[in-house]
$ cat start.csv   # CSV, C-alpha atoms
chain,number,residue,atom,x,y,z
A,1,MET,CA,87.0,-7.7,78.1
A,2,ASN,CA,84.5,-8.7,80.7
A,3,ILE,CA,82.2,-6.0,82.0
A,4,ILE,CA,79.6,-6.2,84.8
A,5,THR,CA,77.0,-3.5,84.7
A,6,ILE,CA,76.1,-2.4,88.2
A,7,GLU,CA,74.2,0.9,88.0
A,8,ARG,CA,73.7,1.2,91.7
A,9,LYS,CA,73.7,4.3,93.9
A,10,VAL,CA,76.8,4.4,96.1
A,11,LEU,CA,74.6,5.4,99.1
A,12,GLU,CA,71.7,3.0,98.4
A,13,LYS,CA,72.3,1.1,101.7
A,14,ASN,CA,71.8,4.3,103.5
A,15,ASP,CA,68.7,5.2,101.5
A,16,GLU,CA,67.2,1.8,102.2
A,17,ILE,CA,67.6,2.2,105.9
A,18,ALA,CA,66.3,5.8,105.6
A,19,LEU,CA,63.1,4.5,103.9
A,20,GLN,CA,62.6,2.0,106.8
A,21,ILE,CA,62.9,4.9,109.3
A,22,ARG,CA,60.5,7.1,107.3
A,23,ASN,CA,57.9,4.3,107.2
A,24,LYS,CA,58.3,3.7,110.9
A,25,LEU,CA,57.9,7.4,111.7
A,26,LYS,CA,55.0,7.8,109.4
A,27,SER,CA,53.1,4.8,110.9
A,28,ASN,CA,53.7,6.4,114.3
A,29,LYS,CA,52.4,9.8,113.0
A,30,ILE,CA,55.7,11.6,113.9
A,31,PHE,CA,56.8,14.7,112.0
A,32,THR,CA,60.6,14.7,111.7
A,33,ILE,CA,63.1,17.3,110.8
A,34,ASN,CA,66.9,16.9,110.2
A,35,VAL,CA,68.6,20.1,111.3
A,36,VAL,CA,71.8,20.9,109.5
A,37,SER,CA,74.3,23.8,109.6
A,38,SER,CA,77.8,24.8,110.2
A,39,PRO,CA,79.0,24.5,113.8
A,40,GLY,CA,77.8,27.3,116.0
A,41,SER,CA,75.0,28.6,113.9
A,42,GLY,CA,72.5,28.1,116.7
A,43,LYS,CA,70.8,24.7,116.0
A,44,THR,CA,70.6,23.7,119.6
A,45,SER,CA,69.5,27.2,120.7
A,46,ILE,CA,66.7,27.1,118.1
A,47,LEU,CA,65.7,23.7,119.4
A,48,GLU,CA,65.6,25.0,123.0
A,49,ARG,CA,63.4,27.9,122.0
A,50,THR,CA,61.1,25.6,120.1
A,51,ILE,CA,60.8,23.2,123.0
A,52,GLU,CA,60.0,26.1,125.3
A,53,SER,CA,57.3,27.3,123.0
A,54,LEU,CA,55.7,24.0,122.1
A,55,LYS,CA,56.3,21.7,124.9
A,56,SER,CA,52.8,22.2,126.4
A,57,LYS,CA,51.2,21.4,123.0
A,58,ILE,CA,53.2,18.4,121.7
A,59,ASN,CA,55.6,15.7,122.8
A,60,PHE,CA,59.1,16.0,121.5
A,61,ALA,CA,61.9,13.6,121.0
A,62,VAL,CA,65.5,14.6,120.1
A,63,ILE,CA,68.4,12.8,118.5
A,64,GLU,CA,71.6,14.8,118.9
A,65,GLY,CA,74.6,14.2,116.7
A,66,ASP,CA,78.1,15.5,117.6
A,67,VAL,CA,81.7,14.5,116.9
A,68,GLN,CA,82.4,14.5,120.6
A,69,THR,CA,80.8,15.2,124.0
A,70,ASN,CA,77.1,15.0,125.1
A,71,PHE,CA,76.9,18.7,125.9
A,72,ASP,CA,73.9,19.2,123.5
A,73,ALA,CA,72.0,16.2,125.0
A,74,GLU,CA,72.5,17.7,128.5
A,75,ARG,CA,71.1,21.0,127.3
A,76,VAL,CA,68.0,19.3,125.9
A,77,LYS,CA,67.5,17.0,128.9
A,78,LYS,CA,66.8,20.0,131.1
A,79,TYR,CA,63.4,20.3,129.4
A,80,ASN,CA,62.5,16.7,130.3
A,81,VAL,CA,62.4,15.7,126.7
A,82,PRO,CA,63.6,12.2,125.6
A,83,VAL,CA,67.0,12.6,124.0
A,84,VAL,CA,69.6,10.3,122.6
A,85,GLN,CA,73.1,11.5,121.9
A,86,ILE,CA,75.0,10.0,119.0
A,87,VAL,CA,78.8,10.6,119.3
A,88,THR,CA,80.3,10.0,115.9
A,89,ASN,CA,83.9,9.9,117.1
A,90,GLY,CA,85.2,12.0,114.3
A,91,GLY,CA,82.6,11.1,111.7
A,92,CYS,CA,81.5,14.3,109.9
A,93,HIS,CA,77.8,13.4,109.5
A,94,LEU,CA,75.0,11.2,110.8
A,95,ASP,CA,73.9,8.3,108.6
A,96,ALA,CA,70.7,6.4,108.6
A,97,LYS,CA,72.1,3.4,110.5
A,98,LEU,CA,73.1,5.6,113.4
A,99,VAL,CA,69.7,7.2,113.5
A,100,LYS,CA,67.9,3.8,113.3
A,101,ASP,CA,69.9,2.6,116.3
A,102,ALA,CA,69.2,5.8,118.2
A,103,LEU,CA,65.5,5.5,117.4
A,104,ASP,CA,65.4,2.1,118.9
A,105,LYS,CA,66.2,3.7,122.3
A,106,ILE,CA,63.2,6.1,122.2
A,107,LYS,CA,59.7,5.2,123.2
A,108,LEU,CA,57.8,6.5,120.2
A,109,LYS,CA,54.3,6.2,121.6
A,110,GLY,CA,52.8,9.7,121.9
A,111,ILE,CA,55.7,11.5,120.3
A,112,LYS,CA,54.6,14.0,117.7
A,113,PHE,CA,57.8,15.8,116.7
A,114,LEU,CA,61.2,14.3,116.3
A,115,VAL,CA,64.2,16.6,115.8
A,116,ILE,CA,67.4,15.1,114.6
A,117,GLU,CA,70.2,17.6,115.1
A,118,ASN,CA,73.0,16.7,112.7
A,119,VAL,CA,76.7,17.2,113.2
A,120,GLY,CA,77.7,20.8,112.5
A,121,ASN,CA,79.0,20.6,108.9
A,122,LEU,CA,77.7,22.4,105.9
A,123,VAL,CA,79.0,19.8,103.4
A,124,CYS,CA,78.7,16.1,104.3
A,125,PRO,CA,75.3,15.8,106.0
A,126,ALA,CA,73.7,17.1,102.7
A,127,GLY,CA,74.0,13.7,101.0
A,128,TYR,CA,72.6,11.5,103.7
A,129,ASP,CA,68.8,10.8,103.9
A,130,LEU,CA,67.9,10.1,107.5
A,131,GLY,CA,64.3,9.3,106.9
A,132,GLU,CA,63.2,12.9,107.8
A,133,ASP,CA,60.3,14.8,106.4
A,134,TYR,CA,62.4,17.8,105.8
A,135,LYS,CA,66.0,19.0,106.1
A,136,VAL,CA,66.1,22.4,107.8
A,137,VAL,CA,69.3,24.3,107.2
A,138,VAL,CA,70.3,27.0,109.7
A,139,LEU,CA,72.5,29.8,108.6
A,140,SER,CA,73.5,32.5,111.0
A,141,THR,CA,74.1,36.1,110.0
A,142,THR,CA,77.7,36.0,111.2
A,143,GLU,CA,78.5,33.4,108.5
A,144,GLY,CA,77.9,35.8,105.7
A,145,ASP,CA,75.4,36.1,102.8
A,146,ASP,CA,77.4,34.1,100.3
A,147,LYS,CA,77.2,30.7,101.9
A,148,PRO,CA,74.3,29.3,99.8
A,149,LEU,CA,76.4,29.9,96.7
A,150,LYS,CA,79.5,28.3,98.4
A,151,TYR,CA,77.7,25.3,99.7
A,152,PRO,CA,75.0,24.7,97.2
A,153,LYS,CA,74.3,21.1,97.9
A,154,MET,CA,73.0,21.7,101.4
A,155,PHE,CA,70.6,24.3,100.2
A,156,ILE,CA,69.4,22.2,97.2
A,157,ASN,CA,68.6,19.3,99.6
A,158,SER,CA,66.9,21.4,102.3
A,159,SER,CA,63.3,22.5,102.3
A,160,VAL,CA,63.6,25.2,105.0
A,161,LEU,CA,66.2,27.8,105.7
A,162,ILE,CA,66.3,29.5,109.1
A,163,ILE,CA,68.4,32.6,109.1
A,164,ASN,CA,69.5,32.9,112.7
A,165,LYS,CA,71.1,35.6,114.9
A,166,ILE,CA,69.2,38.4,113.1
A,167,ASP,CA,69.7,40.5,116.2
A,168,LEU,CA,73.4,40.8,115.1
A,169,LEU,CA,72.6,42.2,111.7
A,170,PRO,CA,73.7,45.8,112.7
A,171,TYR,CA,77.1,44.5,113.7
A,172,VAL,CA,78.0,42.1,110.9
A,173,ASN,CA,78.7,42.4,107.3
A,174,CYS,CA,75.7,40.3,106.1
A,175,ARG,CA,73.2,41.7,103.7
A,176,ILE,CA,70.0,39.8,104.5
A,177,LYS,CA,68.4,40.6,101.1
A,178,GLU,CA,71.4,39.1,99.3
A,179,LEU,CA,71.4,36.1,101.6
A,180,ARG,CA,67.7,35.4,100.7
A,181,GLU,CA,68.3,35.9,97.0
A,182,ASN,CA,71.3,33.7,97.0
A,183,ALA,CA,69.5,30.9,98.8
A,184,LEU,CA,66.5,31.2,96.4
A,185,LYS,CA,68.8,31.1,93.3
A,186,ILE,CA,70.0,27.7,94.6
A,187,ASN,CA,66.6,26.4,95.7
A,188,PRO,CA,63.6,28.5,94.5
A,189,SER,CA,61.2,26.6,96.7
A,190,LEU,CA,63.0,27.1,100.0
A,191,LYS,CA,60.8,28.3,102.9
A,192,ILE,CA,62.7,31.0,104.8
A,193,PHE,CA,62.4,32.1,108.4
A,194,GLU,CA,64.4,34.8,110.2
A,195,THR,CA,65.0,34.2,113.9
A,196,SER,CA,67.0,35.4,116.9
A,197,CYS,CA,67.3,33.1,119.9
A,198,THR,CA,68.4,36.0,122.0
A,199,THR,CA,65.5,38.3,121.4
A,200,GLY,CA,63.0,35.6,120.5
A,201,GLU,CA,62.2,37.3,117.2
A,202,GLY,CA,60.7,35.0,114.5
A,203,ILE,CA,60.5,32.0,116.8
A,204,GLU,CA,56.7,32.1,116.9
A,205,GLU,CA,56.4,32.1,113.1
A,206,TRP,CA,58.8,29.1,113.0
A,207,CYS,CA,56.8,27.3,115.7
A,208,ASN,CA,53.6,27.9,113.8
A,209,TRP,CA,55.1,26.2,110.8
A,210,VAL,CA,56.1,23.2,112.9
A,211,MET,CA,52.6,23.0,114.3
A,212,MET,CA,51.1,23.1,110.8
A,213,ASN,CA,53.1,20.0,109.9
A,214,ILE,CA,52.3,18.0,113.0
A,215,ILE,CA,50.3,14.9,112.0
A,216,LYS,CA,47.0,14.7,113.8
B,1,MET,CA,85.3,14.8,104.0
B,2,HIS,CA,83.3,11.6,104.0
B,3,GLU,CA,85.1,10.0,101.0
B,4,LEU,CA,86.4,7.2,103.3
B,5,SER,CA,82.9,6.0,104.2
B,6,ILE,CA,81.9,6.4,100.6
B,7,SER,CA,84.8,4.1,99.6
B,8,GLN,CA,83.6,1.5,102.2
B,9,ASN,CA,80.1,1.6,100.6
B,10,ILE,CA,81.7,1.0,97.2
B,11,ILE,CA,83.6,-2.1,98.5
B,12,GLU,CA,80.3,-3.4,99.9
B,13,ILE,CA,78.5,-2.9,96.6
B,14,LEU,CA,81.3,-4.7,94.7
B,15,LYS,CA,81.0,-7.7,97.1
B,16,GLU,CA,77.3,-7.9,96.4
B,17,ASN,CA,77.5,-7.5,92.6
B,18,VAL,CA,80.7,-9.3,91.5
B,19,PRO,CA,80.8,-13.2,91.7
B,20,GLU,CA,83.1,-14.1,94.6
B,21,GLU,CA,85.5,-16.1,92.3
B,22,ASP,CA,86.1,-12.9,90.3
B,23,TYR,CA,86.9,-10.6,93.2
B,24,GLY,CA,90.6,-10.7,92.4
B,25,ASN,CA,89.9,-10.1,88.7
B,26,VAL,CA,88.3,-6.7,89.2
B,27,LYS,CA,90.5,-4.4,87.1
B,28,MET,CA,88.5,-1.2,87.0
B,29,VAL,CA,85.6,0.3,88.9
B,30,ILE,CA,83.7,2.9,86.9
B,31,LEU,CA,81.9,5.6,88.9
B,32,GLU,CA,79.6,8.4,87.8
B,33,ILE,CA,79.9,11.4,90.1
B,34,GLY,CA,77.9,14.6,89.6
B,35,GLU,CA,79.6,17.9,90.1
B,36,LEU,CA,77.1,18.8,92.8
B,37,SER,CA,77.4,15.5,94.7
B,38,GLY,CA,79.8,17.0,97.3
B,39,ILE,CA,82.4,14.4,96.4
B,40,VAL,CA,86.0,15.4,95.8
B,41,ALA,CA,87.2,13.0,93.0
B,42,ASP,CA,90.9,13.1,94.0
B,43,SER,CA,90.0,12.4,97.6
B,44,LEU,CA,87.7,9.5,96.7
B,45,GLN,CA,90.4,8.0,94.6
B,46,PHE,CA,93.0,8.3,97.4
B,47,CYS,CA,90.6,6.8,100.0
B,48,PHE,CA,89.7,3.9,97.7
B,49,ASP,CA,93.3,3.1,97.1
B,50,VAL,CA,94.0,3.1,100.9
B,51,ILE,CA,91.0,1.0,101.7
B,52,LYS,CA,91.2,-1.6,98.9
B,53,ILE,CA,94.5,-3.0,100.2
B,54,GLU,CA,92.6,-4.7,103.1
B,55,THR,CA,90.0,-6.2,100.7
B,56,PRO,CA,89.9,-8.8,97.9
B,57,PHE,CA,89.7,-5.9,95.4
B,58,GLN,CA,93.3,-4.7,95.8
B,59,ASN,CA,94.0,-5.0,92.1
B,60,ALA,CA,91.1,-2.7,91.2
B,61,GLU,CA,91.7,0.8,89.8
B,62,MET,CA,89.0,3.5,90.0
B,63,LYS,CA,87.8,5.6,87.1
B,64,ILE,CA,85.5,8.6,87.8
B,65,THR,CA,83.3,10.0,85.1
B,66,ASN,CA,82.2,13.5,85.9
B,67,ILE,CA,78.5,14.3,85.3
B,68,SER,CA,77.8,17.9,84.7
B,69,PHE,CA,75.0,20.0,86.3
B,70,LYS,CA,72.0,20.3,84.0
B,71,LEU,CA,68.6,21.9,84.4
B,72,TYR,CA,65.3,21.5,82.6
B,73,CYS,CA,63.2,24.6,82.5
B,74,ASN,CA,59.4,23.9,82.8
B,75,THR,CA,58.7,27.4,81.4
B,76,CYS,CA,60.7,27.6,78.2
B,77,LYS,CA,61.1,23.8,78.0
B,78,SER,CA,64.9,24.0,77.4
B,79,GLU,CA,67.8,22.1,78.9
B,80,THR,CA,70.5,24.4,80.1
B,81,THR,CA,73.2,24.7,82.7
B,82,ASN,CA,74.1,27.4,85.1
B,83,ALA,CA,76.9,28.2,87.6
B,84,MET,CA,77.4,25.6,90.3
B,85,GLY,CA,74.0,24.8,91.7
B,86,ILE,CA,72.1,27.9,90.6
B,87,ARG,CA,68.6,26.7,89.7
B,88,LEU,CA,67.7,29.5,87.3
B,89,CYS,CA,67.2,28.6,83.7
B,90,GLY,CA,70.3,29.5,81.7
B,91,LYS,CA,68.1,30.7,78.8
B,92,CYS,CA,65.0,32.5,80.1
B,93,GLY,CA,66.1,32.9,83.8
B,94,GLY,CA,63.0,31.2,85.1
B,95,SER,CA,63.1,29.5,88.5
B,96,ASP,CA,60.6,26.7,87.8
B,97,THR,CA,63.3,24.2,86.9
B,98,ASN,CA,64.2,20.5,87.7
B,99,ILE,CA,67.7,19.2,88.1
B,100,VAL,CA,68.4,16.8,85.3
B,101,SER,CA,71.8,15.7,86.4
B,102,GLY,CA,74.8,16.6,88.6
B,103,THR,CA,73.8,15.3,92.0
B,104,GLU,CA,74.4,11.6,91.3
B,105,MET,CA,76.9,9.2,92.9
B,106,ARG,CA,76.7,5.9,91.1
B,107,ILE,CA,78.7,2.8,90.4
B,108,ALA,CA,78.2,2.3,86.7
B,109,GLU,CA,80.1,-0.9,86.0
B,110,VAL,CA,83.2,-2.9,86.7
B,111,GLU,CA,85.7,-4.4,84.2
B,112,LEU,CA,87.2,-7.8,84.9
B,113,ASN,CA,90.5,-9.2,83.6
B,114,SER,CA,89.4,-11.9,81.2
$ encode --input "start.csv" --output "structure tokens"
Amino acid sequence: MNIITIERKVLEKNDEIALQIRNKLKSNKIFTINVVSSPGSGKTSILERTIESLKSKINFAVIEGDVQTNFDAERVKKYNVPVVQIVTNGGCHLDAKLVKDALDKIKLKGIKFLVIENVGNLVCPAGYDLGEDYKVVVLSTTEGDDKPLKYPKMFINSSVLIINKIDLLPYVNCRIKELRENALKINPSLKIFETSCTTGEGIEEWCNWVMMNIIK
Amino acid sequence: MHELSISQNIIEILKENVPEEDYGNVKMVILEIGELSGIVADSLQFCFDVIKIETPFQNAEMKITNISFKLYCNTCKSETTNAMGIRLCGKCGGSDTNIVSGTEMRIAEVELNS
């Protein structure tokens, strides 16, 4: 029998493009995060709060990924921030090619912080490198404290966890201590923030972390 | 549920690695899929079978080898496993571990009709 050895990663094309993006962003001194979560956890709200806090200090650019509509891009546009909306038309995640094309539409000069808001999905976006510095996973208290154990890959591949909607803790069945422990069992090096976009709690701490990572 | 786009990637990799005259002779594509890769093997199999019809690889079957989740503990220097994705050493419980396997998604080899 004739056998051809291949030994290639199935997503190597994506990873090659992601490397090109990473090099391009690095040479432009842009710090980039890829924000992932289930739908409705508050990714866009955290982004809005972050822009409000840091807009006077650094220039942002935003890439929004959604299955349909440009609602999120419209929300971000209000802040006069360059934003490109990617509509995946049913696709469950952003891939590096989509981000590369979106990036071509943004003037990178002067930009310090790029936020890629992925499609709301706690499974598929985990496997796709988009050339970011860090994946930031958002989990809201309404989703429950067991999610890191149920969707481990996202938490393995993320560097930061934002626990959002902490103002709702008195009303929901989410034990924050267990949530943190579960997340750290999956990824002991996760950096964890607790935020509420309604009360503003924790936003300053998160923004300080962003500023620490901005490339001078 | 991105097994369809994964299948498309597999077809592309086959086109690049198999000599064109052998496209129709590809009998078996052997994949190595880690249990933490996020891929559902049955679903990938189904998507590949749907997508291959429109390609020169319509005679190809897919065989998936599952790769189990393994950890190396930097503290007690042992290789263990733990429940899905939990990064604590199965022996000493330490958290300073590296993932040895279980996240991969690789095309290992293809078998041709001779």
$ interface_residues --input "start.csv" --of "chain A" --to "chain B" --cutoff "10 Å" --atoms "all atoms listed in the file" --output "PyMOL selection string"
chain A and resi 1-14+91-93+121+123-127+148-156+182-189
$ residues_around --input "start.csv" --residues "Tyr23 (chain B)" --least-positions-apart "5" --cutoff "8 Å" --atoms "only C-alpha atoms" --output "ChimeraX atom specification"
/B:15,18,56-57
$ write_last_selection --input "start.csv" --atoms "C-alpha atoms" --output "mmCIF file, in the coordinates of the input"
data_model
loop_
_atom_site.group_PDB
_atom_site.id
_atom_site.type_symbol
_atom_site.label_atom_id
_atom_site.label_comp_id
_atom_site.auth_asym_id
_atom_site.auth_seq_id
_atom_site.Cartn_x
_atom_site.Cartn_y
_atom_site.Cartn_z
ATOM 1 C CA LYS B 15 81.000 -7.700 97.100
ATOM 2 C CA VAL B 18 80.700 -9.300 91.500
ATOM 3 C CA PRO B 56 89.900 -8.800 97.900
ATOM 4 C CA PHE B 57 89.700 -5.900 95.400
#
$ closest_atom_pairs --input "start.csv" --of "region 35-58 of chain A" --to "region 117-120 of chain A" --cutoff "6 Å" --atoms "all atoms listed in the file" --output "Markdown table"
| residue | atom | partner | partner_atom | distance |
| --- | --- | --- | --- | --- |
| A:Val35 | CA | A:Glu117 | CA | 4.8 |
| A:Val36 | CA | A:Asn118 | CA | 5.4 |
| A:Ser37 | CA | A:Gly120 | CA | 5.4 |
| A:Ser38 | CA | A:Gly120 | CA | 4.6 |
| A:Pro39 | CA | A:Gly120 | CA | 4.1 |
$ atom_distance --input "start.csv" --atom1 "CA of Phe71 (chain A)" --atom2 "CA of Ile86 (chain A)"
11.3 Å
$ closest_residue --input "start.csv" --among "A:Thr88, A:Thr69, A:Thr50, A:Thr141" --to "Gly202 (chain A)" --atoms "all atoms listed in the file"
A:Thr50
$ atom_distance --input "start.csv" --atom1 "CA of Phe31 (chain A)" --atom2 "CA of Ile58 (chain A)"
11.0 Å
$ atom_distance --input "start.csv" --atom1 "CA of Val81 (chain A)" --atom2 "CA of Ile63 (chain A)"
10.6 Å
$ axis_aligned_box --input "start.csv" --around "region 81-93 of chain A" --padding-each-side "5 Å" --output "AutoDock Vina command-line options"
--center_x 73.8 --center_y 12.8 --center_z 118.1 --size_x 32.8 --size_y 15.8 --size_z 27.2
$ closest_residue --input "start.csv" --among "B:Val50, B:Gly102, B:Cys92, B:Ser43" --to "Lys77 (chain B)" --atoms "all atoms listed in the file"
B:Cys92
$ closest_residue --input "start.csv" --among "A:Leu168, A:Ile176, A:Ile21, A:Ile214" --to "Val99 (chain A)" --atoms "only C-alpha atoms"
A:Ile21
$ residues_around --input "start.csv" --residues "region 78-82 of chain B" --least-positions-apart "5" --cutoff "10 Å" --atoms "all atoms listed in the file" --output "list in words"
Ser68, Phe69, Lys70, Leu71, Tyr72, Cys73, Arg87, Leu88, Cys89, Gly90, Lys91, Cys92, Gly93, Thr97, Asn98, Ile99, Val100 and Ser101 of chain B
$ build_atoms --input "start.csv" --residues "region 38-66 of chain B" --atoms "N, CA and C atoms" --output "tab-separated table (two decimals), in the frame of the given file"
chain	number	residue	atom	x	y	z
B	38	GLY	N	79.02	16.70	96.03
B	38	GLY	CA	79.80	17.00	97.30
B	38	GLY	C	80.98	16.07	97.42
B	39	ILE	N	81.27	15.30	96.38
B	39	ILE	CA	82.40	14.40	96.40
B	39	ILE	C	83.62	15.01	95.73
B	40	VAL	N	84.77	14.94	96.39
B	40	VAL	CA	86.00	15.40	95.80
B	40	VAL	C	86.65	14.16	95.11
B	41	ALA	N	86.72	14.19	93.77
B	41	ALA	CA	87.20	13.00	93.00
B	41	ALA	C	88.55	12.53	93.47
B	42	ASP	N	89.50	13.45	93.60
B	42	ASP	CA	90.90	13.10	94.00
B	42	ASP	C	90.90	12.42	95.35
B	43	SER	N	90.09	12.97	96.24
B	43	SER	CA	90.00	12.40	97.60
B	43	SER	C	89.42	11.05	97.63
B	44	LEU	N	88.38	10.86	96.81
B	44	LEU	CA	87.70	9.50	96.70
B	44	LEU	C	88.72	8.51	96.18
B	45	GLN	N	89.43	8.90	95.16
B	45	GLN	CA	90.40	8.00	94.60
B	45	GLN	C	91.49	7.61	95.60
B	46	PHE	N	91.95	8.59	96.36
B	46	PHE	CA	93.00	8.30	97.40
B	46	PHE	C	92.41	7.37	98.45
B	47	CYS	N	91.20	7.65	98.93
B	47	CYS	CA	90.60	6.80	100.00
B	47	CYS	C	90.37	5.39	99.49
B	48	PHE	N	89.91	5.26	98.25
B	48	PHE	CA	89.70	3.90	97.70
B	48	PHE	C	90.98	3.14	97.63
B	49	ASP	N	92.05	3.81	97.20
B	49	ASP	CA	93.30	3.10	97.10
B	49	ASP	C	93.87	2.69	98.46
B	50	VAL	N	93.55	3.45	99.50
B	50	VAL	CA	94.00	3.10	100.90
B	50	VAL	C	93.17	1.89	101.35
B	51	ILE	N	91.87	1.96	101.13
B	51	ILE	CA	91.00	1.00	101.70
B	51	ILE	C	90.99	-0.35	101.01
B	52	LYS	N	91.26	-0.35	99.70
B	52	LYS	CA	91.20	-1.60	98.90
B	52	LYS	C	92.24	-2.61	99.32
B	53	ILE	N	93.33	-2.12	99.89
B	53	ILE	CA	94.50	-3.00	100.20
B	53	ILE	C	94.00	-4.11	101.19
B	54	GLU	N	93.08	-3.78	102.07
B	54	GLU	CA	92.60	-4.70	103.10
B	54	GLU	C	91.43	-5.58	102.53
B	55	THR	N	91.13	-5.46	101.23
B	55	THR	CA	90.00	-6.20	100.70
B	55	THR	C	90.42	-7.07	99.51
B	56	PRO	N	89.50	-7.92	99.03
B	56	PRO	CA	89.90	-8.80	97.90
B	56	PRO	C	90.00	-7.96	96.58
B	57	PHE	N	89.70	-6.67	96.62
B	57	PHE	CA	89.70	-5.90	95.40
B	57	PHE	C	90.98	-5.02	95.26
B	58	GLN	N	92.09	-5.55	95.81
B	58	GLN	CA	93.30	-4.70	95.80
B	58	GLN	C	93.89	-4.45	94.47
B	59	ASN	N	93.46	-5.22	93.45
B	59	ASN	CA	94.00	-5.00	92.10
B	59	ASN	C	93.13	-3.95	91.33
B	60	ALA	N	92.07	-3.50	91.95
B	60	ALA	CA	91.10	-2.70	91.20
B	60	ALA	C	91.59	-1.19	91.15
B	61	GLU	N	91.44	-0.60	89.97
B	61	GLU	CA	91.70	0.80	89.80
B	61	GLU	C	90.29	1.50	89.78
B	62	MET	N	90.28	2.80	90.02
B	62	MET	CA	89.00	3.50	90.00
B	62	MET	C	89.01	4.56	88.87
B	63	LYS	N	87.93	4.57	88.10
B	63	LYS	CA	87.80	5.60	87.10
B	63	LYS	C	86.54	6.41	87.35
B	64	ILE	N	86.69	7.73	87.42
B	64	ILE	CA	85.50	8.60	87.80
B	64	ILE	C	85.10	9.37	86.53
B	65	THR	N	83.85	9.18	86.15
B	65	THR	CA	83.30	10.00	85.10
B	65	THR	C	82.50	11.12	85.72
B	66	ASN	N	82.85	12.34	85.36
B	66	ASN	CA	82.20	13.50	85.90
B	66	ASN	C	80.86	13.77	85.18
